[in-house]
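Step one of this worksheet: look at the structure below.
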Amino acid sequence: MSLGRYVLTRLLVAVPVLLGVTVLTFSFLHALPGDPVDAIIGYQSVSPETEASIRAEYHLDRPVWEQYLLWLRDALTLEFGRSPVTGRSVAATIGRRLPATLALGGAAWLLALAIGIPAGIVAAVKRGEPADELSRVAALAGIATPNFWLGLVLLLVFSVRLGWFRVIPPDAPLASLAMAKFMLLPTVTLGTASAALVTRLLRSSMLRELEAGYVRTARAKGLRERTVILKHVLRNSLLPVVTVAGLQLAFLVDGAVVVEQIFSWPGMGRLMVQSILQRNYPVIQAAVLVIGVSIVLVNLLVDIVYAVLDPRIRY
Amino acid sequence: MALLEVEDLTVQFYTDDGVVRAVDGINYEIRRGEALGLVGESGAGKSVASLALLDLIRAPGEIVGGEIRLDGRNLLECSTDELRGIRGDEIAMVFQDADAALNPVYTVGEQIAEAIRVHEDVSDRAARDRAIDLLERVGIPEPAARYTDYPHEFSGGMQQRAVIAMALSCDPDLLVCDEPTTGLDVTVQAGILELLEDLARESDTAIQLVTHDLGIVAELCDRVLVQYAGEIVERAPVEDLYYDPKHPYTVGLLASIPRLGDDRERLPTVPGTVPSLVDPPTGCRFHPRCPYAEDACARRSPPLVEADTETPAAETAPDAHLAACLEYTGDLEDGLDYEVQVRDEPPADRSDRDRGGETR
């Protein structure tokens, strides 16, 4: 089976998963006790006319399956309606918030790989030596440190005490130098635990691969040790890391909720916290859907990367 | 000067139970173009002795003494870069279990071409063409198409052929084959052996064949070393070893080879197992398992001497028949009491008896 067909198969398999995500997201409004209209408007008393118009706007006057289909149609066209709190378009709000979270999550993810991969390689190759011990202690500390604590300490030391960074984001476009500088602390906060995890995972995976017969073959060919490690051992060792790196995305979204709150970062995490506190259900619904779909898509990407790295996977 | 001279090679492994001398002061040489067999049971130290030739012993193992000279140059004194230049270029290895020996994430062709590129200044294109030629030479059909296949797309026999192609890529002076046919079907084994035989005949590449299978040695080798518990106990040209084995251990090994037309219900085995090398037996290491052992065997370690003349190993010609048994230093009172039956043909009465079996 060719890579192209493999990708196509994975895409087709992703469709029912995505539909499942939409069903769950849609159901959650109906799973709440009471009338969905109450959930949307909160506990304010409104006139019967307003209530009727809300029912019509969210198609609540139709049978449930029809409501789902209509909602799905709207979701496919990114039409999530207006926020009952601000009156602004939900799609526009998410369109503004999503890039901020993608930027932060992506930066944290890259940081995790940029630290975790070299550290994992060094720890495995220098097994039992001081470099390995150091990486072990650092990784344990990284995993054991809660990100909310790390975020607060970094903010307190580098922003409040030393004044090297702003406490709240600058009023600048996302792709600007000022913003990039501000992003440093939240990125470190969010990426530390992942970096530690990647280090540990790659180290153990490499130690296993270093025992493999092909490593001896590679050495017997007369390859440089550097080539043996970076070309032969690393590619095999990365397979479990790729799997976890994909799952880490869900973890980073989790983390983003807390970290965005600490650093006042205008992303999806902060939007969700605000919306939950305001019981702003249409926004929560749309945000959850967007996050769910992104995670499905990233896992699809992971499957494809996996297949590119490991030719055996297509069978 | 022989192509390869191994002198007093000693390899130790540091284990939780103690220091294991897997190879304990072995001496041998391989002449250019010669095929030498190294036989013994599992745990005799054969594979370790072979890996040592490329200085590929990794922790917790270590070469603690001796010399390995290739064309007179001591490999154990070479720098890392010099060693890399020798590995794969002058001495190449064919490992057992080709499936594990190939990297699953690179194509077979790339793994062969890589071996060429590392030693020779050739273009990618030229390395690729040569890899395809090599695949053809080792008998892989449609080599150009198979070049881009991954190892898992090859059968076990094809994988072993690919590993051999990789080892031959830089036309080595010495090819070290470590159990090259273990784990393969009998018919596939025969194909691989035939390939190695052709190589041994056609090129002046010397072969060191490591195996526990004396049958394979008989087909392929010019001379044989028998290794037991880290030491060489017998060395002889291949016919001499089969027709006139001198060491009781070799006799035991030969008796345990199954033969076509064999009417023995059970194959005799060498009783017992290879001793622990942490604390090897005193005197002759084989004495606890030897049917002819006497008191002297537990006390005195027999030197490797020419069996007929008692000439010490160091002063003998490469084709001399050596054995390490007190019998050959005149220290056994009762001597060795075994008889060698040479059966080139199946016994004459055999066919009659088989026919009789059918009519009953």
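Residue numbering restarts at 1 for every chain of the structure tokens, chains are lettered A, B, ... in their displayed order, and ligands are numbered from 1 as they appear.
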Show me, as a Markdown table, the residues of chain A having an atom within 9 Å of chain B, each with the closest atom pair and its distance in Å, using only C-alpha atoms.
```
| residue | atom | partner | partner_atom | distance |
| --- | --- | --- | --- | --- |
| A:Ala212 | CA | B:Ala100 | CA | 6.8 |
| A:Gly213 | CA | B:Ala101 | CA | 4.5 |
| A:Tyr214 | CA | B:Ala101 | CA | 4.2 |
| A:Val215 | CA | B:Ala101 | CA | 7.6 |
| A:Arg216 | CA | B:Ala101 | CA | 7.4 |
| A:Thr217 | CA | B:Ala101 | CA | 5.8 |
| A:Ala218 | CA | B:Ala115 | CA | 8.4 |
| A:Arg219 | CA | B:Leu56 | CA | 7.7 |
| A:Ala220 | CA | B:Arg87 | CA | 5.4 |
| A:Lys221 | CA | B:Gly88 | CA | 4.2 |
| A:Gly222 | CA | B:Arg84 | CA | 4.3 |
| A:Leu223 | CA | B:Val118 | CA | 6.5 |
| A:Arg224 | CA | B:Arg84 | CA | 7.2 |
| A:His232 | CA | B:Asn103 | CA | 7.0 |
| A:Val233 | CA | B:Asn103 | CA | 8.9 |
| A:Arg235 | CA | B:Val105 | CA | 7.5 |
| A:Asn236 | CA | B:Val105 | CA | 7.0 |
| A:Leu309 | CA | B:Val105 | CA | 6.8 |
| A:Asp310 | CA | B:Val105 | CA | 5.4 |
| A:Pro311 | CA | B:Val105 | CA | 5.9 |
| A:Arg312 | CA | B:His152 | CA | 7.0 |
```
**Prompt:** When DSSP works through the backbone of this structure, what residues of segment 233-269 of chain A end up as alpha helix (DSSP H), shown as a PyMOL selection string?
**Reply:** chain A and resi 234-262+268-269
**Asked** Near Ile284 of chain A, within 7 Å and counting only C-alpha atoms, which residues show up once chain neighbours fewer than 4 positions away are dropped, as a PyMOL selection string?
**Response** chain A and resi 272+275-276+280+288
**Prompt:** Near segment 134-149 of chain A, counting only C-alpha atoms, which residues have an atom at most 7 Å away, once you skip same-chain residues fewer than 4 positions from it, shown as a list in words?
**Reply:**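 Those residues are Ala119, Ala123, Pro130, Val153, Thr189, Leu190, Thr192, Ala193, Ala196, Leu197, Thr199, Arg200, Val258 and Val259 of chain A.
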**Request:** Rank B:Val340, B:Val23, B:Leu193, B:Val270 by their smallest atom-to-atom distance to Cys290 of chain B, using only C-alpha atoms, and report the top residue only.
**Result:**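 Among the listed residues, B:Val270 lies closest to Cys290 of chain B.
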**Asked** Mind pulling up the distance from atom CA of Gln227 of chain B to atom CA of Lys46 of chain B?
**Response** 7.0 Å
